[in-house]
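First the structure, in the form of structure tokens, and then the observations on it.
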Amino acid sequence: MLRDRAPAKINLTLHVVGRRADGWHELESLVAFSHAGDALSLSPDAPLTLVVEGPTAAAAGEAGDNLILRAARHFAESLPDARLGAFHLVKRLPVAAGIGGGSSDAAAALRLLARANGVAFDDPRLLAAAARTGADVPVCLAARARMMRGLGERLGPILDLPPLVALLVNPGAPLETRRVFARMNVAPGSATGYGAHPPIGPRVGASDLLTALKRGRNDMEAAACRLAPVIGDVLAVLGAAPGSVLARMSGSGATCFALFRDCRSATRAKKSILRAHPGWWTKVCALR
């Protein structure tokens with residue numbers, strides 16, 4: 001049996017550059033990945049199946065429509081003689097939460113299939129299967145910090161970020177990305193003109209990175225807060241936590257994150273938040 005992790009994808013920044021004439025939105029985002037996430041295993045040479053269990057399995061929907069199976073089918077289309085197998089997913093990340101859980105699961109499935117078939121992770125056929133599965137799947141393949149642009153198909157080089165300690169908080173308010181984009185109401189064929197993304201060097205220092213992140217933003221945050229006002233509450237709580245240096249929403253929400261000076265401060269903030277909001281999902285993690 002082969003095993004892999006599907007870490008959460010965190011949008012440290014998310015700039016909406018504009019909207020194409022075909023309706024798709026162009027983005028510019030610095031993404032990083034947590035050490036925490038879902039767990040996926042593959043038993044090769046068995047029939048293609050998926051079993052899902054875990055704390056958030058019920059919210060993941062029907063297994064037959066899962067991105068893991070879509071990714072496996074796209075892999076098989078690219079490599080007709082490929083070995084597939086039986087997948088087992090332990091779902092821990094919240095669903096429809098702005099942290100790319102489904103996309104990361106699909107990327108983990110592709111990594112497992114690549115290992116089972118002796119395919120390199122930079123094989124064009126693997127990358128093509130990832131792109132066909134979903135816009136966020138290609139960046140999740142390497143699961144390392146980098147810039148992503150366009151619809152997610154233009155990836156910058158992997159970045160060597162300084163250590164980042166984060167507290168992730170989800171208040172249990174699922175948000176569909178399309179609803180948030182609709183609320184933003186960007187006209188097709190237009191640019192937003194919100195401002196350029198700050199440059200991020202390949203080996204940026206901690207101080208320069210934090211300065212750049214503070215100059216960046218998540219352009220979907222305001223619309224998401226209107227759809228789910230509890231996001232504003234989460235951001236206020238995270239921003240006021242002792243030791244917090246930056247609080248922001250990830251993706252289209254509703255998961256928010258705060259960066260902390262150290263793990264001890266993040267852990268204290270987590271305990272304080274859970275005392276006041278025991279139903280919120282929280283996770284202290286390192287981002288890379």
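Labeling convention for the structure tokens: chains A, B, ... as they appear, residues from 1 per chain, ligands from 1 in order of appearance.
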Surrounding residues of Ala187 (chain A) excluding itself and chain neighbours under 2 positions, 10 Å, only C-alpha atoms, as an MDAnalysis selection string: chainID A and resid 18:21 23 25 182 184:185 189:192
For the residues in the current selection, export N, CA and C atoms as an mmCIF file, in the first residue's frame.
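And here's part39.cif as it stands now:
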```cif
data_model
loop_
_atom_site.group_PDB
_atom_site.id
_atom_site.type_symbol
_atom_site.label_atom_id
_atom_site.label_comp_id
_atom_site.auth_asym_id
_atom_site.auth_seq_id
_atom_site.Cartn_x
_atom_site.Cartn_y
_atom_site.Cartn_z
ATOM 1 N N GLY A 18 -8.508 40.357 -12.986
ATOM 2 C CA GLY A 18 -9.585 40.731 -13.882
ATOM 3 C C GLY A 18 -10.404 39.511 -14.253
ATOM 4 N N ARG A 19 -11.275 39.702 -15.220
ATOM 5 C CA ARG A 19 -12.143 38.612 -15.679
ATOM 6 C C ARG A 19 -12.068 38.528 -17.194
ATOM 7 N N ARG A 20 -11.806 37.328 -17.681
ATOM 8 C CA ARG A 20 -11.699 37.129 -19.116
ATOM 9 C C ARG A 20 -13.072 37.217 -19.791
ATOM 10 N N ALA A 21 -13.050 37.352 -21.106
ATOM 11 C CA ALA A 21 -14.307 37.446 -21.849
ATOM 12 C C ALA A 21 -15.145 36.181 -21.715
ATOM 13 N N GLY A 23 -15.555 34.574 -19.018
ATOM 14 C CA GLY A 23 -16.132 34.519 -17.682
ATOM 15 C C GLY A 23 -15.184 34.059 -16.599
ATOM 16 N N HIS A 25 -12.016 34.072 -14.080
ATOM 17 C CA HIS A 25 -11.273 35.137 -13.407
ATOM 18 C C HIS A 25 -9.776 34.850 -13.426
ATOM 19 N N ALA A 182 -19.389 35.827 -7.971
ATOM 20 C CA ALA A 182 -20.612 36.501 -8.425
ATOM 21 C C ALA A 182 -20.869 37.764 -7.601
ATOM 22 N N MET A 184 -18.625 39.603 -6.229
ATOM 23 C CA MET A 184 -17.641 40.624 -6.604
ATOM 24 C C MET A 184 -18.085 41.393 -7.845
ATOM 25 N N ASN A 185 -18.828 40.715 -8.733
ATOM 26 C CA ASN A 185 -19.457 41.371 -9.890
ATOM 27 C C ASN A 185 -18.428 42.063 -10.787
ATOM 28 N N GLY A 189 -14.315 40.488 -19.451
ATOM 29 C CA GLY A 189 -13.452 41.269 -20.330
ATOM 30 C C GLY A 189 -12.855 42.505 -19.687
ATOM 31 N N SER A 190 -12.954 42.629 -18.360
ATOM 32 C CA SER A 190 -12.450 43.838 -17.695
ATOM 33 C C SER A 190 -11.348 43.496 -16.692
ATOM 34 N N ALA A 191 -10.515 44.484 -16.405
ATOM 35 C CA ALA A 191 -9.488 44.376 -15.375
ATOM 36 C C ALA A 191 -9.982 45.069 -14.113
ATOM 37 N N THR A 192 -9.545 44.591 -12.963
ATOM 38 C CA THR A 192 -9.991 45.184 -11.701
ATOM 39 C C THR A 192 -9.223 46.460 -11.369
#
```
Close residues, Gly100 (chain A) itself excluded, 10 Å, only C-alpha atoms, min 2 positions apart in chain, as a PDB file with N, CA, C and O atoms, in the first residue's frame:
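After the write, part.pdb holds the following:
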```pdb
ATOM      1  N   ALA A   6      -2.278  14.980   1.950  1.00  0.00           N
ATOM      2  CA  ALA A   6      -2.889  16.028   1.121  1.00  0.00           C
ATOM      3  C   ALA A   6      -3.007  17.275   1.984  1.00  0.00           C
ATOM      4  O   ALA A   6      -4.024  17.482   2.656  1.00  0.00           O
ATOM      5  N   PRO A   7      -1.979  18.127   2.005  1.00  0.00           N
ATOM      6  CA  PRO A   7      -1.968  19.274   2.912  1.00  0.00           C
ATOM      7  C   PRO A   7      -2.906  20.387   2.471  1.00  0.00           C
ATOM      8  O   PRO A   7      -3.282  20.490   1.299  1.00  0.00           O
ATOM      9  N   ALA A   8      -3.280  21.225   3.417  1.00  0.00           N
ATOM     10  CA  ALA A   8      -4.095  22.398   3.106  1.00  0.00           C
ATOM     11  C   ALA A   8      -3.283  23.394   2.289  1.00  0.00           C
ATOM     12  O   ALA A   8      -2.097  23.619   2.544  1.00  0.00           O
ATOM     13  N   LYS A   9      -3.940  24.000   1.298  1.00  0.00           N
ATOM     14  CA  LYS A   9      -3.335  25.059   0.486  1.00  0.00           C
ATOM     15  C   LYS A   9      -3.811  26.400   1.027  1.00  0.00           C
ATOM     16  O   LYS A   9      -5.011  26.663   1.073  1.00  0.00           O
ATOM     17  N   ILE A  10      -2.884  27.241   1.411  1.00  0.00           N
ATOM     18  CA  ILE A  10      -3.223  28.537   1.991  1.00  0.00           C
ATOM     19  C   ILE A  10      -2.826  29.646   1.021  1.00  0.00           C
ATOM     20  O   ILE A  10      -1.675  29.735   0.599  1.00  0.00           O
ATOM     21  N   ASN A  11      -3.799  30.468   0.654  1.00  0.00           N
ATOM     22  CA  ASN A  11      -3.509  31.652  -0.166  1.00  0.00           C
ATOM     23  C   ASN A  11      -3.038  32.769   0.752  1.00  0.00           C
ATOM     24  O   ASN A  11      -3.851  33.453   1.380  1.00  0.00           O
ATOM     25  N   PHE A  33       1.723  25.770   1.798  1.00  0.00           N
ATOM     26  CA  PHE A  33       1.047  24.544   2.204  1.00  0.00           C
ATOM     27  C   PHE A  33       1.370  24.203   3.647  1.00  0.00           C
ATOM     28  O   PHE A  33       2.490  24.400   4.117  1.00  0.00           O
ATOM     29  N   LEU A  93      -9.703  17.860   6.673  1.00  0.00           N
ATOM     30  CA  LEU A  93      -9.848  19.281   6.371  1.00  0.00           C
ATOM     31  C   LEU A  93     -11.306  19.631   6.135  1.00  0.00           C
ATOM     32  O   LEU A  93     -12.055  18.831   5.577  1.00  0.00           O
ATOM     33  N   PRO A  94     -11.745  20.818   6.533  1.00  0.00           N
ATOM     34  CA  PRO A  94     -13.114  21.248   6.216  1.00  0.00           C
ATOM     35  C   PRO A  94     -13.319  21.373   4.716  1.00  0.00           C
ATOM     36  O   PRO A  94     -12.367  21.588   3.961  1.00  0.00           O
ATOM     37  N   VAL A  95     -14.566  21.228   4.293  1.00  0.00           N
ATOM     38  CA  VAL A  95     -14.924  21.193   2.871  1.00  0.00           C
ATOM     39  C   VAL A  95     -15.488  22.548   2.450  1.00  0.00           C
ATOM     40  O   VAL A  95     -16.121  23.245   3.246  1.00  0.00           O
ATOM     41  N   ALA A  96     -15.258  22.927   1.185  1.00  0.00           N
ATOM     42  CA  ALA A  96     -15.689  24.226   0.655  1.00  0.00           C
ATOM     43  C   ALA A  96     -15.209  25.339   1.571  1.00  0.00           C
ATOM     44  O   ALA A  96     -15.961  26.225   1.965  1.00  0.00           O
ATOM     45  N   ALA A  97     -13.908  25.294   1.874  1.00  0.00           N
ATOM     46  CA  ALA A  97     -13.357  26.131   2.935  1.00  0.00           C
ATOM     47  C   ALA A  97     -12.258  27.073   2.482  1.00  0.00           C
ATOM     48  O   ALA A  97     -11.662  27.765   3.304  1.00  0.00           O
ATOM     49  N   GLY A  98     -11.940  27.108   1.176  1.00  0.00           N
ATOM     50  CA  GLY A  98     -10.913  28.021   0.703  1.00  0.00           C
ATOM     51  C   GLY A  98      -9.494  27.568   0.944  1.00  0.00           C
ATOM     52  O   GLY A  98      -8.562  28.370   0.857  1.00  0.00           O
ATOM     53  N   GLY A 102     -10.084  19.499  -1.690  1.00  0.00           N
ATOM     54  CA  GLY A 102     -10.363  18.561  -2.767  1.00  0.00           C
ATOM     55  C   GLY A 102      -9.262  18.536  -3.809  1.00  0.00           C
ATOM     56  O   GLY A 102      -8.882  17.466  -4.310  1.00  0.00           O
ATOM     57  N   SER A 103      -8.732  19.696  -4.146  1.00  0.00           N
ATOM     58  CA  SER A 103      -7.640  19.769  -5.118  1.00  0.00           C
ATOM     59  C   SER A 103      -6.383  19.095  -4.583  1.00  0.00           C
ATOM     60  O   SER A 103      -5.663  18.404  -5.321  1.00  0.00           O
ATOM     61  N   SER A 104      -6.102  19.274  -3.301  1.00  0.00           N
ATOM     62  CA  SER A 104      -4.929  18.636  -2.703  1.00  0.00           C
ATOM     63  C   SER A 104      -5.104  17.128  -2.640  1.00  0.00           C
ATOM     64  O   SER A 104      -4.154  16.364  -2.848  1.00  0.00           O
ATOM     65  N   ASP A 105      -6.339  16.669  -2.359  1.00  0.00           N
ATOM     66  CA  ASP A 105      -6.617  15.230  -2.400  1.00  0.00           C
ATOM     67  C   ASP A 105      -6.332  14.672  -3.790  1.00  0.00           C
ATOM     68  O   ASP A 105      -5.725  13.609  -3.947  1.00  0.00           O
ATOM     69  N   ALA A 106      -6.805  15.385  -4.825  1.00  0.00           N
ATOM     70  CA  ALA A 106      -6.591  14.935  -6.202  1.00  0.00           C
ATOM     71  C   ALA A 106      -5.110  14.905  -6.546  1.00  0.00           C
ATOM     72  O   ALA A 106      -4.632  13.967  -7.221  1.00  0.00           O
ATOM     73  N   ASP A 136      -6.746  24.321  -9.388  1.00  0.00           N
ATOM     74  CA  ASP A 136      -5.811  24.363  -8.267  1.00  0.00           C
ATOM     75  C   ASP A 136      -4.977  23.094  -8.134  1.00  0.00           C
ATOM     76  O   ASP A 136      -4.061  23.046  -7.304  1.00  0.00           O
ATOM     77  N   VAL A 137      -5.276  22.069  -8.927  1.00  0.00           N
ATOM     78  CA  VAL A 137      -4.567  20.796  -8.765  1.00  0.00           C
ATOM     79  C   VAL A 137      -3.090  20.899  -9.164  1.00  0.00           C
ATOM     80  O   VAL A 137      -2.227  20.363  -8.460  1.00  0.00           O
ATOM     81  N   CYS A 140      -0.926  22.096  -6.417  1.00  0.00           N
ATOM     82  CA  CYS A 140      -0.919  21.173  -5.280  1.00  0.00           C
ATOM     83  C   CYS A 140      -0.016  19.968  -5.509  1.00  0.00           C
ATOM     84  O   CYS A 140       0.265  19.232  -4.558  1.00  0.00           O
ATOM     85  N   SER A 250      -8.236  32.886   3.545  1.00  0.00           N
ATOM     86  CA  SER A 250      -7.594  32.084   2.506  1.00  0.00           C
ATOM     87  C   SER A 250      -8.593  31.760   1.407  1.00  0.00           C
ATOM     88  O   SER A 250      -9.749  31.412   1.684  1.00  0.00           O
ATOM     89  N   GLY A 251      -8.160  31.861   0.159  1.00  0.00           N
ATOM     90  CA  GLY A 251      -9.010  31.493  -0.965  1.00  0.00           C
ATOM     91  C   GLY A 251     -10.312  32.278  -0.960  1.00  0.00           C
ATOM     92  O   GLY A 251     -10.353  33.472  -0.688  1.00  0.00           O
ATOM     93  N   SER A 252     -11.406  31.569  -1.229  1.00  0.00           N
ATOM     94  CA  SER A 252     -12.732  32.193  -1.219  1.00  0.00           C
ATOM     95  C   SER A 252     -13.435  32.019   0.114  1.00  0.00           C
ATOM     96  O   SER A 252     -14.616  32.331   0.235  1.00  0.00           O
TER      97      SER A 252
END
```
So, counting only C-alpha atoms, which residue among A:Ala276, A:Val51, A:Ala241, A:Ala107 is closest to Arg132 (chain A)?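 Closest candidate: A:Ala107.
Across A:Pro124, A:Leu235, A:Leu30, A:Trp280, the tightest approach to Gly152 (chain A) is made by A:Leu30 when counting only C-alpha atoms.
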Separation of CA of Arg5 (chain A) from CA of Pro138 (chain A) in Å: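 We find that CA of Pro138 (chain A) and CA of Arg5 (chain A) lie 15.6 Å from each other.
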I want to know what sits within 9 Å of Lys91 (chain A), based on only C-alpha atoms, with residues of the same chain fewer than 6 positions away left out; could you give that as a PyMOL selection string? chain A and resi 37-40+52-57+60+101
Filtering to N, CA and C atoms, could you give me those residues as a CSV table (one decimal), in the first residue's frame?
```csv
chain,number,residue,atom,x,y,z
A,37,GLY,N,-3.3,18.0,7.1
A,37,GLY,CA,-4.2,17.8,6.0
A,37,GLY,C,-4.8,16.4,6.0
A,38,ASP,N,-5.3,16.0,4.9
A,38,ASP,CA,-6.0,14.7,4.7
A,38,ASP,C,-4.9,13.7,4.5
A,39,ALA,N,-5.3,12.4,4.7
A,39,ALA,CA,-4.4,11.3,4.4
A,39,ALA,C,-5.0,10.4,3.4
A,40,LEU,N,-4.2,10.0,2.4
A,40,LEU,CA,-4.7,9.2,1.3
A,40,LEU,C,-3.7,8.0,1.1
A,52,VAL,N,-14.2,6.9,1.7
A,52,VAL,CA,-13.9,8.1,2.4
A,52,VAL,C,-14.4,8.0,3.9
A,53,GLU,N,-13.5,8.3,4.8
A,53,GLU,CA,-13.9,8.3,6.2
A,53,GLU,C,-13.2,9.5,6.9
A,54,GLY,N,-13.4,9.7,8.1
A,54,GLY,CA,-12.8,10.8,8.9
A,54,GLY,C,-13.7,11.8,9.4
A,55,PRO,N,-13.2,12.8,10.1
A,55,PRO,CA,-14.1,13.8,10.8
A,55,PRO,C,-15.0,14.6,9.9
A,56,THR,N,-14.5,14.9,8.6
A,56,THR,CA,-15.2,15.8,7.7
A,56,THR,C,-15.7,15.0,6.5
A,57,ALA,N,-15.7,13.7,6.6
A,57,ALA,CA,-16.1,12.8,5.4
A,57,ALA,C,-17.5,13.1,4.9
A,60,ALA,N,-18.0,15.9,2.5
A,60,ALA,CA,-17.3,15.7,1.2
A,60,ALA,C,-18.1,15.3,0.1
A,101,GLY,N,-8.9,21.7,-0.3
A,101,GLY,CA,-8.8,20.3,0.2
A,101,GLY,C,-9.1,19.3,-0.9
```
Region 53-87 of chain A: residues DSSP assigns to strand (DSSP E), reported as an MDAnalysis selection string: chainID A and resid 53 85:87
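Minimum atom-to-atom distances from A:Leu14, A:Ala247, A:Leu2, A:Cys225 to Arg115 (chain A) were compared using only C-alpha atoms, and the lowest value belongs to A:Leu2.
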When distances are computed from only C-alpha atoms, which of A:Tyr194, A:Val169, A:Val245, A:Val180 shows the smallest separation from Ala206 (chain A)?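 Once distances to Ala206 (chain A) are computed over only C-alpha atoms, the minimum belongs to A:Val245.
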Mind checking which residues fall within 9 Å of Ala46 (chain A), counting only C-alpha atoms, ignoring those fewer than 5 positions away in the same chain, and posting them as a list in words?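 Counting only C-alpha atoms, the residues come to Arg83, Leu84, Gly85 and Ala86 of chain A.
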Writer output for current selection, N, CA and C atoms, as a PDB file, in the first residue's frame:
```pdb
ATOM      1  N   ARG A  83      -1.528   1.412 -14.138  1.00  0.00           N
ATOM      2  CA  ARG A  83      -2.100   0.695 -13.000  1.00  0.00           C
ATOM      3  C   ARG A  83      -2.895   1.705 -12.175  1.00  0.00           C
ATOM      4  N   LEU A  84      -4.110   1.368 -11.835  1.00  0.00           N
ATOM      5  CA  LEU A  84      -4.902   2.217 -10.954  1.00  0.00           C
ATOM      6  C   LEU A  84      -4.987   1.533  -9.594  1.00  0.00           C
ATOM      7  N   GLY A  85      -6.134   1.532  -8.947  1.00  0.00           N
ATOM      8  CA  GLY A  85      -6.222   0.859  -7.663  1.00  0.00           C
ATOM      9  C   GLY A  85      -7.313   1.418  -6.782  1.00  0.00           C
ATOM     10  N   ALA A  86      -7.312   0.957  -5.546  1.00  0.00           N
ATOM     11  CA  ALA A  86      -8.321   1.334  -4.558  1.00  0.00           C
ATOM     12  C   ALA A  86      -7.754   2.420  -3.653  1.00  0.00           C
TER      13      ALA A  86
END
```
Extract, using only C-alpha atoms, all DNA, RNA and protein residues at most 12 Å from Gly64 (chain A), discarding same-chain residues fewer than 2 positions from it, and format them as a PyMOL selection string. chain A and resi 48-52+60-62+66-73+87
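Of the residues under consideration (A:Thr267, A:Ser78, A:Ser43, A:Thr255), A:Thr255 shows the shortest atom-to-atom contact distance to Asp233 (chain A) when counting only C-alpha atoms.
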If you run DSSP over the backbone, which residues in region 44-246 of chain A end up alpha helix (DSSP H)? Put them as number ranges by chain. A: 67-78, 101-117, 124-133, 137-142, 177-184, 206-215, 221-227, 230-240
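With CA of Ser34 (chain A) on one side and CA of Arg217 (chain A) on the other, the separation reads 19.5 Å.
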Ala228 (chain A) environment, 8 Å, only C-alpha atoms, sequence neighbours closer than 4 positions dropped, as a list in words: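 The contact residues come out as Ala173, Leu175, Ala224 and Ala254 of chain A.
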Those residues with all heavy atoms, as a CSV table (one decimal), in the first residue's frame please?
```
chain,number,residue,atom,x,y,z
A,173,ALA,N,-18.8,27.6,8.0
A,173,ALA,CA,-19.7,28.2,7.0
A,173,ALA,C,-19.2,27.9,5.6
A,173,ALA,O,-18.4,28.7,5.1
A,173,ALA,CB,-19.8,29.7,7.3
A,175,LEU,N,-18.5,27.9,1.8
A,175,LEU,CA,-18.7,29.0,0.8
A,175,LEU,C,-18.3,28.4,-0.6
A,175,LEU,O,-17.2,27.9,-0.7
A,175,LEU,CB,-17.9,30.2,1.1
A,175,LEU,CG,-18.6,31.3,1.9
A,175,LEU,CD1,-17.6,32.5,2.0
A,175,LEU,CD2,-19.8,31.8,1.2
A,224,ALA,N,-16.8,37.8,0.4
A,224,ALA,CA,-17.0,36.6,1.3
A,224,ALA,C,-17.6,37.0,2.6
A,224,ALA,O,-18.5,36.3,3.1
A,224,ALA,CB,-15.8,35.8,1.5
A,254,ALA,N,-14.4,29.8,3.9
A,254,ALA,CA,-14.4,30.7,5.0
A,254,ALA,C,-13.2,30.6,5.9
A,254,ALA,O,-13.1,31.2,7.0
A,254,ALA,CB,-15.7,30.5,5.8
```
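Between CA of Ala145 (chain A) and CA of Thr211 (chain A) lies a distance of 17.0 Å.
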